[in-house]
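Working notes for the structure below.
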Amino acid sequence: MNPKTLALDQYARDRRRLNTRLGLVMVALIPLPAILLRARFEPLQMLATVMGIALGVGIVYPGWWRSKHHPCREDGREKRARRIAVVCRTAAFASLVGVMVSWVVGSNVSSWIALAFFATGTSAFIVSFEVEERWKRALQRQNAQTAADS
């Protein structure tokens, strides 16, 4: 195996370790809404607090971590893929929140607004997933070509 493949394998192990730790943080935050209720937060304050923490722990921090630890972090294609993934995931997350809030309102217009949010979020998620998969395939081809040349 060439050094780049070994670095990508180590990165994958480190990323799994990060995801495990972030998952444990999210499990530890399960009682947060009850704590916020006890602290007499208003519903919109609670929503903003919980969604801000979820956005930071689930999207922003992993994107930042990837920018510091990915073996190809200096490659322009990796930077572009990372930025597109963070923007699309954030848009999908915000659309999910918009769907929930619009759906709760319960009027006929809010149902259509919820549907528009849902369509936007779904398309953003698909774009994010596709960009990630294309970048992974490109790295695999590059590693296979490097291994064949060696």
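Residue numbers start at 1 in each chain; chains themselves are named A, B, ... in the order of the structure tokens; ligands are numbered from 1 in the order shown.
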
>> Which residues are close to Lys136 (chain A), i.e. within 12 Å by only C-alpha atoms, leaving aside same-chain residues fewer than 4 positions away? Reply as a ChimeraX atom specification.
In response: /A:8,12,72,77-78,81-82,129-132,140-143

> Between A:Phe41, A:Ser128, A:Gly23, A:Thr122, which has the minimum distance to Arg83 (chain A) (counting only C-alpha atoms)?
Replying inline: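 Closest to Arg83 (chain A), using only C-alpha atoms: A:Ser128.
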
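Using only C-alpha atoms, the shortest contact distance between Val86 (chain A) and any of A:Met100, A:Leu47, A:Val105, A:Val127 is found at A:Val127.
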
> With only C-alpha atoms as the atoms that count, which of A:Asn108, A:Gln10, A:Thr20, A:Asn2 lies nearest to His70 (chain A)?
Replying inline: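 Selected residue with least distance to His70 (chain A): A:Gln10.
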
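Between CA of Val97 (chain A) and CA of Phe117 (chain A) lies a distance of 8.6 Å.
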
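Of the listed residues A:Thr120, A:Thr5, A:Thr146, A:Gln45, the one whose atoms come nearest to Ala91 (chain A) is A:Thr120, with distances taken using only C-alpha atoms.
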
> Which residue gives the smallest distance to Ser67 (chain A) among A:Ile30, A:Tyr11, A:Arg16, A:Gly98, with only C-alpha atoms counted?
Replying inline: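 Going through A:Ile30, A:Tyr11, A:Arg16, A:Gly98 one by one, the smallest distance to Ser67 (chain A) is for A:Tyr11.
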
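If only C-alpha atoms are the atoms counted, then among A:Arg21, A:Arg40, A:Arg80, A:Arg15 the closest residue to Arg66 (chain A) is A:Arg15.
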
Name all residues at most 8 Å from region 49-64 of chain A (count only C-alpha atoms; drop same-chain ones fewer than 5 positions away) and give them as a CSV table (one decimal) with N, CA, C and O atoms, in the first residue's frame.
```csv
chain,number,residue,atom,x,y,z
A,22,LEU,N,-18.9,12.2,19.0
A,22,LEU,CA,-20.0,13.2,18.7
A,22,LEU,C,-21.3,12.6,19.0
A,22,LEU,O,-22.2,13.2,19.5
A,26,MET,N,-24.1,13.8,21.7
A,26,MET,CA,-25.6,14.0,21.4
A,26,MET,C,-26.4,13.2,22.4
A,26,MET,O,-27.5,13.7,22.8
A,32,LEU,N,-31.3,18.0,27.5
A,32,LEU,CA,-31.3,19.4,27.4
A,32,LEU,C,-32.6,20.1,27.3
A,32,LEU,O,-32.9,21.1,27.9
A,33,PRO,N,-33.6,19.6,26.4
A,33,PRO,CA,-34.9,20.2,26.4
A,33,PRO,C,-35.6,20.3,27.8
A,33,PRO,O,-36.2,21.3,28.1
A,82,ARG,N,-15.8,19.7,0.4
A,82,ARG,CA,-16.1,20.0,1.8
A,82,ARG,C,-17.0,21.2,2.0
A,82,ARG,O,-18.0,21.1,2.7
A,86,VAL,N,-20.8,21.0,3.5
A,86,VAL,CA,-21.3,21.8,4.7
A,86,VAL,C,-22.4,22.7,4.4
A,86,VAL,O,-23.4,22.8,5.1
A,89,ARG,N,-25.6,20.5,3.7
A,89,ARG,CA,-26.1,19.9,4.9
A,89,ARG,C,-26.8,20.9,5.8
A,89,ARG,O,-27.8,20.6,6.4
A,90,THR,N,-26.2,22.1,5.9
A,90,THR,CA,-26.8,23.2,6.6
A,90,THR,C,-28.1,23.6,6.0
A,90,THR,O,-29.1,23.7,6.8
A,93,PHE,N,-30.6,20.8,6.9
A,93,PHE,CA,-31.0,20.9,8.3
A,93,PHE,C,-32.0,22.1,8.5
A,93,PHE,O,-33.0,21.9,9.2
```

> So what do you get for CA of Ala114 (chain A) versus CA of Val101 (chain A), distance-wise?
Replying inline: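 CA of Ala114 (chain A) sits 8.0 Å away from CA of Val101 (chain A).
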
>> Based on the backbone DSSP call, show me all residues of region 1-128 of chain A assigned alpha helix (DSSP H), as a ChimeraX atom specification.
In response: /A:3-28,32-38,43-55,61-69,76-105,108-128
